[in-house]
file model-v5.csv (CSV, C-alpha atoms)
chain,number,residue,atom,x,y,z
A,1,MET,CA,61.0,128.5,100.6
A,2,THR,CA,57.3,128.2,99.7
A,3,SER,CA,55.4,131.4,100.1
A,4,LEU,CA,52.4,131.6,102.3
A,5,PRO,CA,49.4,131.0,100.1
A,6,GLN,CA,47.9,134.3,98.9
A,7,ASN,CA,44.4,133.4,100.0
A,8,LEU,CA,45.3,133.3,103.6
A,9,GLY,CA,45.0,137.0,104.3
A,10,ALA,CA,46.1,138.6,107.5
A,11,PRO,CA,46.1,136.5,110.7
A,12,THR,CA,42.8,136.7,112.6
A,13,ALA,CA,42.9,138.1,116.2
A,14,PRO,CA,43.7,136.7,118.6
A,15,SER,CA,46.7,134.9,117.2
A,16,PHE,CA,47.2,131.2,118.0
A,17,GLU,CA,51.0,130.6,117.6
A,18,ASN,CA,51.3,127.0,118.6
A,19,ALA,CA,49.1,124.6,116.6
A,20,LEU,CA,48.4,120.9,116.5
A,21,ILE,CA,46.9,119.5,113.4
A,22,VAL,CA,45.6,115.9,113.2
A,23,GLU,CA,44.9,114.2,109.8
A,24,GLY,CA,41.9,111.9,109.3
A,25,GLY,CA,41.9,108.6,107.6
A,26,ALA,CA,39.2,106.5,109.2
A,27,MET,CA,40.7,103.4,110.8
A,28,ARG,CA,44.2,104.7,110.1
A,29,GLY,CA,43.4,107.2,112.9
A,30,ILE,CA,44.5,104.5,115.4
A,31,PHE,CA,48.0,106.0,115.0
A,32,SER,CA,47.1,109.5,116.1
A,33,THR,CA,45.1,107.9,119.0
A,34,GLY,CA,48.3,106.4,120.3
A,35,VAL,CA,50.2,109.7,119.9
A,36,LEU,CA,47.6,111.7,121.7
A,37,ASP,CA,47.1,109.1,124.5
A,38,ARG,CA,50.8,109.3,125.2
A,39,PHE,CA,50.6,113.1,125.2
A,40,LEU,CA,47.9,112.9,127.8
A,41,GLU,CA,49.9,110.6,130.1
A,42,ALA,CA,52.8,113.0,129.9
A,43,ARG,CA,50.5,116.0,130.4
A,44,PHE,CA,51.8,117.5,127.2
A,45,ASN,CA,49.6,120.1,125.6
A,46,PRO,CA,51.5,123.3,124.7
A,47,PHE,CA,49.1,124.1,121.9
A,48,ASP,CA,46.9,127.2,121.5
A,49,LEU,CA,45.1,125.9,118.4
A,50,LEU,CA,43.9,122.4,117.6
A,51,LEU,CA,42.6,121.6,114.2
A,52,GLY,CA,41.4,118.2,113.0
A,53,VAL,CA,39.5,116.6,110.2
A,54,SER,CA,37.4,113.4,110.2
A,55,SER,CA,38.8,110.8,112.6
A,56,GLY,CA,41.6,113.3,113.4
A,57,ALA,CA,39.0,115.7,114.9
A,58,ALA,CA,37.4,112.9,116.9
A,59,ASN,CA,40.8,112.0,118.3
A,60,LEU,CA,41.5,115.6,119.2
A,61,ALA,CA,38.2,115.7,121.1
A,62,ALA,CA,39.2,112.8,123.2
A,63,TYR,CA,42.5,114.4,123.9
A,64,LEU,CA,40.9,117.7,125.0
A,65,ALA,CA,38.5,115.7,127.1
A,66,ARG,CA,41.5,114.0,128.8
A,67,MET,CA,40.1,110.6,128.1
A,68,PRO,CA,43.0,108.3,127.3
A,69,LYS,CA,42.1,104.9,125.8
A,70,ARG,CA,38.6,106.1,125.0
A,71,ASN,CA,39.1,106.2,121.2
A,72,PHE,CA,41.4,103.2,121.4
A,73,LYS,CA,38.2,101.3,122.5
A,74,ILE,CA,36.3,102.8,119.7
A,75,TYR,CA,38.8,101.6,117.1
A,76,THR,CA,39.3,98.1,118.6
A,77,ASP,CA,35.8,97.4,119.8
A,78,TYR,CA,32.9,99.5,118.5
A,79,SER,CA,34.4,100.0,115.0
A,80,LEU,CA,34.9,96.2,114.6
A,81,ARG,CA,31.2,95.4,115.4
A,82,PRO,CA,29.0,94.4,112.4
A,83,GLU,CA,26.6,97.2,113.2
A,84,PHE,CA,29.3,99.7,112.2
A,85,ILE,CA,30.9,98.4,109.0
A,86,SER,CA,28.7,96.1,106.8
A,87,LEU,CA,29.4,95.4,103.1
A,88,LYS,CA,26.1,93.5,102.9
A,89,ARG,CA,24.2,96.6,104.2
A,90,PHE,CA,26.1,98.8,101.7
A,91,VAL,CA,25.3,96.6,98.7
A,92,CYS,CA,21.6,96.7,99.7
A,93,GLY,CA,21.6,100.5,99.7
A,94,GLY,CA,22.6,101.4,103.3
A,95,HIS,CA,25.7,102.8,104.9
A,96,LEU,CA,29.0,101.0,104.6
A,97,MET,CA,30.0,102.8,107.8
A,98,ASP,CA,27.0,103.6,110.0
A,99,LEU,CA,28.0,106.7,111.8
A,100,ASP,CA,24.5,107.1,113.3
A,101,TRP,CA,24.9,103.8,115.1
A,102,LEU,CA,28.4,104.5,116.2
A,103,TRP,CA,27.7,108.0,117.6
A,104,ASP,CA,24.5,106.9,119.4
A,105,LYS,CA,26.2,103.9,120.9
A,106,THR,CA,29.4,105.7,122.1
A,107,ILE,CA,27.4,108.7,123.4
A,108,ALA,CA,25.3,106.3,125.5
A,109,GLU,CA,28.3,104.3,126.8
A,110,ILE,CA,31.5,106.3,126.7
A,111,ARG,CA,30.5,109.9,126.0
A,112,LEU,CA,33.1,112.6,125.7
A,113,ASP,CA,33.6,114.8,128.7
A,114,LEU,CA,32.2,117.9,127.1
A,115,GLN,CA,32.6,120.1,130.2
A,116,THR,CA,36.4,119.4,130.2
A,117,ILE,CA,36.7,120.1,126.5
A,118,PHE,CA,35.1,123.5,126.7
A,119,ALA,CA,36.7,124.5,130.0
A,120,THR,CA,39.9,125.4,128.1
A,121,ASP,CA,40.8,128.6,126.4
A,122,LYS,CA,42.3,126.7,123.5
A,123,LEU,CA,40.8,127.0,120.1
A,124,PHE,CA,39.4,123.7,118.7
A,125,LEU,CA,38.4,123.8,115.1
A,126,ILE,CA,36.8,120.9,113.1
A,127,GLY,CA,37.2,120.8,109.4
A,128,LEU,CA,34.1,120.2,107.3
A,129,THR,CA,33.3,120.3,103.6
A,130,ASP,CA,30.3,122.3,102.4
A,131,VAL,CA,28.4,120.2,99.9
A,132,ALA,CA,26.8,123.2,98.1
A,133,THR,CA,30.1,125.1,97.5
A,134,GLY,CA,32.8,122.4,97.9
A,135,GLU,CA,34.7,124.7,100.2
A,136,ALA,CA,36.3,124.0,103.5
A,137,ILE,CA,34.6,125.1,106.7
A,138,TYR,CA,36.5,125.3,110.0
A,139,LYS,CA,33.9,125.0,112.7
A,140,GLN,CA,34.3,126.2,116.3
A,141,THR,CA,31.5,124.7,118.2
A,142,ASP,CA,30.1,124.3,121.8
A,143,GLY,CA,29.2,121.4,124.0
A,144,ASP,CA,25.6,121.3,122.7
A,145,ARG,CA,26.7,120.7,119.1
A,146,LEU,CA,30.2,119.2,119.2
A,147,GLU,CA,29.1,115.6,118.6
A,148,GLU,CA,27.0,116.4,115.5
A,149,VAL,CA,29.8,118.4,114.0
A,150,LEU,CA,32.3,115.6,114.6
A,151,LYS,CA,30.0,113.2,112.9
A,152,ALA,CA,29.7,115.5,109.9
A,153,SER,CA,33.5,115.8,109.6
A,154,SER,CA,33.7,112.0,109.4
A,155,ALA,CA,30.9,111.6,106.9
A,156,MET,CA,32.6,110.2,103.9
A,157,PRO,CA,30.4,110.6,100.8
A,158,ILE,CA,28.7,107.4,99.6
A,159,VAL,CA,30.3,105.4,102.4
A,160,TYR,CA,27.9,107.2,104.7
A,161,ARG,CA,24.9,108.0,102.5
A,162,THR,CA,23.5,111.2,104.0
A,163,PHE,CA,24.8,114.7,104.2
A,164,PRO,CA,24.7,115.9,107.9
A,165,SER,CA,23.2,119.4,108.1
A,166,ILE,CA,25.3,122.0,110.1
A,167,ASP,CA,23.8,125.5,110.4
A,168,GLY,CA,21.3,124.5,107.7
A,169,ARG,CA,23.9,123.5,105.2
A,170,PRO,CA,24.7,119.9,104.0
A,171,THR,CA,28.2,118.9,104.9
A,172,VAL,CA,30.6,116.0,104.5
A,173,ASP,CA,34.1,114.8,105.5
A,174,GLY,CA,36.5,117.7,106.0
A,175,GLY,CA,39.2,115.7,104.4
A,176,ILE,CA,37.6,116.2,101.0
A,177,SER,CA,38.3,120.0,100.9
A,178,ASP,CA,41.3,120.3,103.2
A,179,PRO,CA,42.9,117.1,104.3
A,180,LEU,CA,45.9,118.7,105.9
A,181,PRO,CA,44.8,122.2,107.0
A,182,VAL,CA,48.2,123.7,107.6
A,183,ALA,CA,47.4,126.9,105.6
A,184,ALA,CA,44.3,127.3,107.7
A,185,ALA,CA,46.4,127.2,110.9
A,186,MET,CA,48.8,129.7,109.5
A,187,GLN,CA,45.9,132.0,108.7
A,188,ARG,CA,45.0,132.0,112.3
A,189,GLY,CA,48.5,133.0,113.4
A,190,ALA,CA,50.2,129.7,113.9
A,191,ARG,CA,53.9,129.8,113.5
A,192,LYS,CA,55.0,126.6,115.3
A,193,ILE,CA,52.9,123.7,114.1
A,194,MET,CA,52.9,120.0,114.8
A,195,VAL,CA,51.1,117.8,112.2
A,196,VAL,CA,50.2,114.3,113.2
A,197,ARG,CA,49.7,112.3,110.0
A,198,SER,CA,48.0,109.0,109.3
A,199,ARG,CA,50.3,108.1,106.4
A,200,PRO,CA,54.1,107.4,106.3
A,201,LYS,CA,56.3,110.3,105.4
A,202,HIS,CA,57.1,109.1,101.9
A,203,TYR,CA,53.4,108.9,100.9
A,204,LYS,CA,52.0,111.2,98.2
A,205,LYS,CA,48.4,111.0,97.2
A,206,ARG,CA,47.7,109.7,93.7
A,207,GLU,CA,44.6,109.1,91.6
A,208,MET,CA,42.8,105.9,92.4
A,209,LEU,CA,40.0,103.9,90.7
A,210,SER,CA,37.8,104.5,93.8
A,211,ASN,CA,38.1,108.3,93.1
A,212,ALA,CA,36.6,107.8,89.6
A,213,VAL,CA,33.7,105.8,91.1
A,214,LEU,CA,33.1,108.5,93.7
A,215,LEU,CA,33.1,111.3,91.0
A,216,TRP,CA,30.5,109.3,89.0
A,217,LYS,CA,28.3,108.9,92.1
A,218,LEU,CA,28.5,112.6,92.9
A,219,LYS,CA,27.3,113.9,89.5
A,220,PRO,CA,24.2,115.5,91.2
A,221,TYR,CA,26.5,117.6,93.4
A,222,PRO,CA,28.8,119.5,91.0
A,223,ALA,CA,30.6,121.6,93.6
A,224,LEU,CA,31.4,118.6,95.8
A,225,ARG,CA,32.4,116.7,92.7
A,226,ARG,CA,35.0,119.5,91.9
A,227,ALA,CA,36.3,119.3,95.5
A,228,VAL,CA,36.8,115.5,95.2
A,229,ALA,CA,38.5,116.0,91.8
A,230,GLY,CA,40.9,118.4,93.3
A,231,ARG,CA,41.8,116.6,96.5
A,232,VAL,CA,44.9,114.8,95.2
A,233,ARG,CA,46.3,118.2,94.1
A,234,LYS,CA,45.3,119.9,97.4
A,235,TYR,CA,46.8,117.1,99.5
A,236,ASN,CA,50.2,117.1,97.7
A,237,GLU,CA,50.3,121.0,97.8
A,238,ALA,CA,49.8,120.8,101.5
A,239,LEU,CA,52.7,118.4,101.8
A,240,GLY,CA,54.8,120.8,99.9
A,241,LEU,CA,53.8,123.7,102.2
A,242,MET,CA,54.6,121.6,105.2
A,243,ARG,CA,58.1,120.8,104.0
A,244,THR,CA,59.0,124.2,102.7
A,245,PRO,CA,57.1,126.6,105.0
A,246,PRO,CA,57.4,130.3,104.7
A,247,PRO,CA,59.9,132.3,106.8
A,248,GLY,CA,59.0,132.4,110.4
A,249,VAL,CA,57.0,129.2,110.4
A,250,SER,CA,58.3,125.8,111.6
A,251,ILE,CA,56.5,122.6,111.1
A,252,LEU,CA,57.1,119.3,112.9
A,253,GLU,CA,55.7,116.3,111.0
A,254,ILE,CA,54.9,113.2,113.0
A,255,CYS,CA,54.2,110.2,110.7
A,256,PRO,CA,53.6,106.5,111.2
A,257,PRO,CA,56.7,104.4,110.4
A,258,ASP,CA,57.0,102.7,107.0
A,259,ASP,CA,55.8,99.4,108.4
A,260,PHE,CA,52.5,100.9,109.6
A,261,ARG,CA,49.8,98.6,108.3
A,262,SER,CA,46.5,100.1,109.2
A,263,ALA,CA,44.1,100.7,106.3
A,264,ARG,CA,41.2,103.0,105.9
A,265,PHE,CA,38.6,100.2,106.5
A,266,GLY,CA,41.0,97.8,108.1
A,267,ARG,CA,39.5,95.6,110.9
A,268,ASN,CA,42.4,93.4,112.0
A,269,MET,CA,42.8,93.7,115.7
A,270,GLY,CA,46.5,92.9,115.8
A,271,ILE,CA,47.2,95.5,113.1
A,272,LEU,CA,45.2,98.1,115.0
A,273,VAL,CA,47.0,97.4,118.3
A,274,ASP,CA,50.4,97.6,116.5
A,275,GLY,CA,49.4,101.0,114.9
A,276,TYR,CA,48.4,102.3,118.3
A,277,GLU,CA,51.7,101.3,119.9
A,278,GLN,CA,53.5,102.8,117.0
A,279,GLY,CA,51.7,106.1,117.7
A,280,ARG,CA,52.7,105.9,121.4
A,281,SER,CA,56.4,105.4,120.4
A,282,MET,CA,56.4,108.3,117.9
A,283,ALA,CA,54.8,110.5,120.6
A,284,GLU,CA,58.1,110.4,122.5
A,285,LEU,CA,60.0,111.7,119.5
A,286,ALA,CA,57.3,114.4,119.0
A,287,MET,CA,57.6,115.7,122.5
A,288,ARG,CA,61.4,115.8,122.4
A,289,SER,CA,61.4,117.5,119.1
A,290,TRP,CA,58.9,120.1,120.2
A,291,ALA,CA,60.9,120.9,123.3
A,292,HIS,CA,64.1,121.2,121.3
A,293,ALA,CA,62.5,123.6,118.9
A,294,MET,CA,61.5,125.8,121.8
A,295,ASP,CA,65.1,126.2,123.0
call {"tool": "encode", "arguments": {"input": "model-v5.csv", "output": "structure tokens"}}
result
Amino acid sequence: MTSLPQNLGAPTAPSFENALIVEGGAMRGIFSTGVLDRFLEARFNPFDLLLGVSSGAANLAAYLARMPKRNFKIYTDYSLRPEFISLKRFVCGGHLMDLDWLWDKTIAEIRLDLQTIFATDKLFLIGLTDVATGEAIYKQTDGDRLEEVLKASSAMPIVYRTFPSIDGRPTVDGGISDPLPVAAAMQRGARKIMVVRSRPKHYKKREMLSNAVLLWKLKPYPALRRAVAGRVRKYNEALGLMRTPPPGVSILEICPPDDFRSARFGRNMGILVDGYEQGRSMAELAMRSWAHAMD
């Protein structure tokens, strides 16, 4: 068994025993959208703590808002529009993914039901990365600030060219510092955890050429650069913790099937719809497995 990481400390009070964690992954988040939409239809929400990073946090927000198909529309409509992803704009010095346009447009047309989200006593945490320190931040917010924090959690460095300011500190994508925040959930008392992934179960992160390019681009930000350099190790360590949790902790891992085809910047409508339906199908297994574990 893997020991609980020493930096966790004692669980904070109150304790949140049942946790749901949703991984990010940009357009690969279509899978967790399908999972969570099926949960909504089944009125399945046994969780005390919900923790997401990047697109995973945005999908959790729609789940807590009880808005099925809202984020499906974002993936299969808004995200496919040229105003959102533009290689030409990126080459000319702009954003590859224009989160400002996406957030303004969706807030105007299909805004999250903020009142419903914050009417619950569940703890919703959004993972961010602090640019100045490279450390993970787990942000509990309110209705006035939720949307800006969600945008910050999705702000992939370079792809989105600015660092959103949260509480006066520049931040970026939470997946940089803690892509699978299982240890963070344990620190808050979670002992039964469901993790909804955006990669098939056999996937292990490895160094890519794109990582070297990102490190070169981030030379002016040494702490963030160190976080990027360590993310392969952190990701694979989190996988190890998930699969060999400490005594008293059980973890249910819900992954896309091996034939899941959605890519980080993928824009093929058929592939996105297939990924959504795969998520819905896996949700059935997830609900049965969770109920069995409660027996």
call {"tool": "residues_around", "arguments": {"input": "model-v5.csv", "residues": "Leu96 of chain A", "least_positions_apart": "3", "cutoff": "12 Å", "atoms": "only C-alpha atoms", "output": "list in words"}}
result
Ser79, Pro82, Glu83, Phe84, Ile85, Ser86, Leu87, Lys88, Arg89, Phe90, Val91, Cys92, Gly93, Leu99, Asp100, Trp101, Ala155, Met156, Pro157, Ile158, Val159, Tyr160, Arg161, Thr162 and Phe265 of chain A
call {"tool": "atom_distance", "arguments": {"input": "model-v5.csv", "atom1": "atom CA of Ile176 of chain A", "atom2": "atom CA of Pro256 of chain A"}}
result
21.3 Å
call {"tool": "residues_around", "arguments": {"input": "model-v5.csv", "residues": "segment 215-228 of chain A", "least_positions_apart": "6", "cutoff": "6 Å", "atoms": "only C-alpha atoms", "output": "PyMOL selection string"}}
result
chain A and resi 131+133-134+176-177
call {"tool": "write_last_selection", "arguments": {"input": "model-v5.csv", "atoms": "C-alpha atoms", "output": "JSON list (two decimals), keeping the file's coordinate frame"}}
result
[["chain", "number", "residue", "atom", "x", "y", "z"],
["A", 131, "VAL", "CA", 28.40, 120.20, 99.90],
["A", 133, "THR", "CA", 30.10, 125.10, 97.50],
["A", 134, "GLY", "CA", 32.80, 122.40, 97.90],
["A", 176, "ILE", "CA", 37.60, 116.20, 101.00],
["A", 177, "SER", "CA", 38.30, 120.00, 100.90]]
call {"tool": "closest_residue", "arguments": {"input": "model-v5.csv", "among": "A:Asn45, A:Thr171, A:Thr116, A:Asn59", "to": "Ala26 of chain A", "atoms": "only C-alpha atoms"}}
result
A:Asn59
call {"tool": "residues_around", "arguments": {"input": "model-v5.csv", "residues": "Tyr276 of chain A", "least_positions_apart": "6", "cutoff": "8 Å", "atoms": "all atoms listed in the file", "output": "PyMOL selection string"}}
result
chain A and resi 30-35+72
call {"tool": "atom_distance", "arguments": {"input": "model-v5.csv", "atom1": "atom CA of Ala132 of chain A", "atom2": "atom CA of Ile166 of chain A"}}
result
12.2 Å
call {"tool": "residues_near_point", "arguments": {"input": "model-v5.csv", "point": "(36.3, 122.4, 129.2)", "cutoff": "10 Å", "atoms": "all atoms listed in the file", "output": "PyMOL selection string"}}
result
chain A and resi 64-66+113-122+142-143
call {"tool": "closest_residue", "arguments": {"input": "model-v5.csv", "among": "A:Val249, A:Ala42, A:Ala238, A:Ala19", "to": "Arg288 of chain A", "atoms": "all atoms listed in the file"}}
result
A:Ala42
call {"tool": "residues_around", "arguments": {"input": "model-v5.csv", "residues": "Met67 of chain A", "least_positions_apart": "4", "cutoff": "12 Å", "atoms": "all atoms listed in the file", "output": "list in words"}}
result
Thr33, Leu36, Asp37, Arg38, Phe39, Leu40, Glu41, Arg43, Ala58, Asn59, Leu60, Ala61, Ala62, Tyr63, Asn71, Phe72, Lys73, Ile110, Arg111, Leu112, Asp113, Leu114, Thr116 and Ile117 of chain A
call {"tool": "closest_residue", "arguments": {"input": "model-v5.csv", "among": "A:Met269, A:Met242, A:Ala183, A:Ala152", "to": "Thr76 of chain A", "atoms": "all atoms listed in the file"}}
result
A:Met269
call {"tool": "atom_distance", "arguments": {"input": "model-v5.csv", "atom1": "atom CA of Asn18 of chain A", "atom2": "atom CA of Asp167 of chain A"}}
result
28.7 Å
call {"tool": "residues_around", "arguments": {"input": "model-v5.csv", "residues": "Leu123 of chain A", "least_positions_apart": "4", "cutoff": "9 Å", "atoms": "all atoms listed in the file", "output": "VMD selection string"}}
result
chain A and resid 16 47 to 51 140
call {"tool": "closest_residue", "arguments": {"input": "model-v5.csv", "among": "A:Tyr138, A:Met282, A:Leu150, A:Gly275", "to": "Arg188 of chain A", "atoms": "all atoms listed in the file"}}
result
A:Tyr138
call {"tool": "closest_residue", "arguments": {"input": "model-v5.csv", "among": "A:Asp104, A:Asp98, A:Glu109, A:Glu135", "to": "Arg70 of chain A", "atoms": "all atoms listed in the file"}}
result
A:Glu109
call {"tool": "closest_residue", "arguments": {"input": "model-v5.csv", "among": "A:Phe163, A:Phe260, A:Tyr235, A:Trp103", "to": "Gly29 of chain A", "atoms": "all atoms listed in the file"}}
result
A:Phe260
